[in-house]
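A.B. asks: My structure file query.cif, mmCIF, C-alpha atoms, is below:
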```cif
data_coords
loop_
_atom_site.group_PDB
_atom_site.id
_atom_site.type_symbol
_atom_site.label_atom_id
_atom_site.label_comp_id
_atom_site.auth_asym_id
_atom_site.auth_seq_id
_atom_site.Cartn_x
_atom_site.Cartn_y
_atom_site.Cartn_z
ATOM 1 C CA MET A 28 111.558 155.117 126.575
ATOM 2 C CA THR A 29 107.866 155.804 127.172
ATOM 3 C CA ILE A 30 106.085 159.084 127.607
ATOM 4 C CA GLN A 31 105.398 158.140 131.217
ATOM 5 C CA HIS A 32 109.131 157.800 131.852
ATOM 6 C CA ILE A 33 109.773 161.221 130.289
ATOM 7 C CA TYR A 34 106.909 162.688 132.322
ATOM 8 C CA LEU A 35 108.253 161.341 135.608
ATOM 9 C CA GLU A 36 111.776 162.557 134.805
ATOM 10 C CA ALA A 37 110.437 165.999 133.871
ATOM 11 C CA LYS A 38 108.551 166.237 137.166
ATOM 12 C CA GLU A 39 111.597 165.106 139.118
ATOM 13 C CA HIS A 40 113.861 167.689 137.494
ATOM 14 C CA GLY A 41 111.358 170.549 137.513
ATOM 15 C CA PHE A 42 110.698 170.864 133.773
ATOM 16 C CA LYS A 43 107.270 172.433 134.268
ATOM 17 C CA SER A 44 106.667 173.237 130.600
ATOM 18 C CA LEU A 45 107.335 169.668 129.521
ATOM 19 C CA VAL A 46 105.101 168.318 132.289
ATOM 20 C CA LEU A 47 102.341 170.683 131.188
ATOM 21 C CA LEU A 48 102.767 169.675 127.539
ATOM 22 C CA ILE A 49 102.550 165.972 128.322
ATOM 23 C CA GLU A 50 99.525 166.434 130.591
ATOM 24 C CA TYR A 51 97.826 168.493 127.898
ATOM 25 C CA LEU A 52 98.468 165.958 125.146
ATOM 26 C CA VAL A 53 97.535 162.949 127.290
ATOM 27 C CA GLU A 54 94.658 164.244 129.404
ATOM 28 C CA GLU A 55 93.116 167.120 127.478
ATOM 29 C CA ARG A 56 93.659 166.300 123.799
ATOM 30 C CA LYS A 57 93.955 162.522 124.261
ATOM 31 C CA VAL A 58 96.340 162.248 121.311
ATOM 32 C CA LEU A 59 98.990 160.434 123.386
ATOM 33 C CA LYS A 60 99.042 157.758 126.055
ATOM 34 C CA PHE A 61 101.593 157.372 128.813
ATOM 35 C CA THR A 62 102.507 154.002 127.308
ATOM 36 C CA ASP A 63 103.402 155.494 123.911
ATOM 37 C CA PRO A 64 107.051 155.665 122.835
ATOM 38 C CA GLU A 65 108.864 159.000 123.035
ATOM 39 C CA GLU A 66 108.844 159.384 119.241
ATOM 40 C CA LYS A 67 105.156 160.255 119.389
ATOM 41 C CA LEU A 68 105.916 163.117 121.753
ATOM 42 C CA THR A 69 108.717 164.498 119.595
ATOM 43 C CA TYR A 70 106.198 164.988 116.790
ATOM 44 C CA TYR A 71 104.489 167.701 118.870
ATOM 45 C CA LEU A 72 107.805 169.382 119.690
ATOM 46 C CA GLN A 73 108.422 170.454 116.092
ATOM 47 C CA ASP A 74 109.081 174.147 115.474
ATOM 48 C CA ARG A 75 106.074 174.441 113.187
ATOM 49 C CA PHE A 76 103.752 173.721 116.135
ATOM 50 C CA ARG A 77 105.506 175.927 118.692
ATOM 51 C CA ASN A 78 103.434 179.128 118.558
ATOM 52 C CA LYS A 79 100.032 177.487 118.480
ATOM 53 C CA MET A 80 101.027 174.877 121.085
ATOM 54 C CA ASN A 81 102.211 177.627 123.436
ATOM 55 C CA GLU A 82 98.840 179.313 123.046
ATOM 56 C CA TYR A 83 97.023 176.048 123.797
ATOM 57 C CA LEU A 84 99.231 175.412 126.829
ATOM 58 C CA ARG A 85 98.591 178.873 128.278
ATOM 59 C CA GLU A 86 94.840 178.288 127.980
ATOM 60 C CA TYR A 87 95.149 174.787 129.439
ATOM 61 C CA GLU A 88 97.209 176.009 132.389
ATOM 62 C CA VAL A 89 94.569 178.626 133.251
ATOM 63 C CA LYS A 90 91.821 176.007 132.942
ATOM 64 C CA ARG A 91 93.749 173.467 135.029
ATOM 65 C CA ASN A 92 94.682 175.894 137.801
ATOM 66 C CA GLY A 93 91.262 177.514 137.963
#
```
Starting from the file, give its structure as structure tokens.
C.D. replies:
Amino acid sequence: MTIQHIYLEAKEHGFKSLVLLIEYLVEERKVLKFTDPEEKLTYYLQDRFRNKMNEYLREYEVKRNG
């Protein structure tokens, strides 16, 4: 499964946090591509990244929404 597939499913089912995470990693940080396999995304979902990633996502959401 690709990141794009996960992204589309997350949008369809209303998983806003996952959508935001994928957009951040693909568009802002450019560490992932929509064509990458899901394993690359799971790397960023590790517990050790949770606090800092949440901080980054809050900042990104403010920036994105103006």
A.B. asks: Run the PyMOL selection byres ((chain A and resi 73-85) around 10) on the file and write out the hits as a PyMOL selection string.
C.D. replies: chain A and resi 44+47-48+50-52+68-72+86-91
A.B. asks: Nearest to A:Glu36 among A:Glu55, A:Glu66, A:Ile49, A:Gly93, with distances taken over only C-alpha atoms: which residue is it?
C.D. replies: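 Looking at the shortest contact to A:Glu36, the residue is A:Ile49.
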A.B. asks: Choose the residue, out of A:Asn92, A:Met28, A:Tyr34, A:Gly41, that has the smallest atom-to-atom separation from A:Asp63; count all atoms listed in the file.
C.D. replies: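 Comparing A:Asn92, A:Met28, A:Tyr34, A:Gly41 against A:Asp63, the winner is A:Met28.
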A.B. asks: Can you report as lines of an AutoDock Vina configuration file the centre and edge lengths in Å, to one decimal, of an axis-aligned box around the listed atoms of stretch 42-53 of chain A padded with 3 Å on each side?
C.D. replies:
```
center_x = 104.1
center_y = 168.1
center_z = 129.7
size_x = 19.2
size_y = 16.3
size_z = 15.1
```
A.B. asks: Limit the output to N, CA, C and O atoms and give stretch 38-51 of chain A as a compact mmCIF listing (two decimals), in the first residue's frame.
C.D. replies:
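Saved the output as part-v7.txt:
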```
# COMPACT_ATOMS: atom_id res chain seq x y z
N LYS A 38 -8.57 10.66 4.46
CA LYS A 38 -9.47 11.76 4.13
C LYS A 38 -10.91 11.27 4.06
O LYS A 38 -11.82 11.93 4.56
N GLU A 39 -11.10 10.12 3.46
CA GLU A 39 -12.44 9.56 3.30
C GLU A 39 -13.10 9.26 4.65
O GLU A 39 -14.30 9.46 4.83
N HIS A 40 -12.30 8.79 5.60
CA HIS A 40 -12.84 8.38 6.89
C HIS A 40 -12.69 9.45 7.98
O HIS A 40 -13.01 9.20 9.15
N GLY A 41 -12.20 10.62 7.60
CA GLY A 41 -12.13 11.73 8.54
C GLY A 41 -11.03 11.68 9.57
O GLY A 41 -11.17 12.24 10.66
N PHE A 42 -9.92 11.03 9.25
CA PHE A 42 -8.77 10.97 10.16
C PHE A 42 -7.90 12.20 9.93
O PHE A 42 -6.85 12.15 9.27
N LYS A 43 -8.34 13.33 10.49
CA LYS A 43 -7.70 14.62 10.22
C LYS A 43 -6.24 14.66 10.65
O LYS A 43 -5.41 15.26 9.97
N SER A 44 -5.92 14.05 11.76
CA SER A 44 -4.53 14.07 12.25
C SER A 44 -3.60 13.32 11.30
O SER A 44 -2.49 13.76 11.04
N LEU A 45 -4.06 12.20 10.79
CA LEU A 45 -3.25 11.42 9.86
C LEU A 45 -3.08 12.17 8.54
O LEU A 45 -2.00 12.19 7.96
N VAL A 46 -4.14 12.80 8.08
CA VAL A 46 -4.07 13.61 6.85
C VAL A 46 -3.05 14.72 7.05
O VAL A 46 -2.19 14.95 6.19
N LEU A 47 -3.13 15.40 8.17
CA LEU A 47 -2.20 16.49 8.47
C LEU A 47 -0.76 15.99 8.53
O LEU A 47 0.15 16.62 7.97
N LEU A 48 -0.55 14.85 9.17
CA LEU A 48 0.79 14.27 9.26
C LEU A 48 1.35 13.97 7.88
O LEU A 48 2.49 14.33 7.56
N ILE A 49 0.56 13.33 7.05
CA ILE A 49 1.03 12.98 5.71
C ILE A 49 1.32 14.23 4.89
O ILE A 49 2.36 14.32 4.24
N GLU A 50 0.43 15.21 4.94
CA GLU A 50 0.66 16.46 4.21
C GLU A 50 1.94 17.13 4.69
O GLU A 50 2.73 17.64 3.88
N TYR A 51 2.14 17.13 5.99
CA TYR A 51 3.35 17.75 6.55
C TYR A 51 4.61 17.05 6.06
O TYR A 51 5.56 17.69 5.63
```
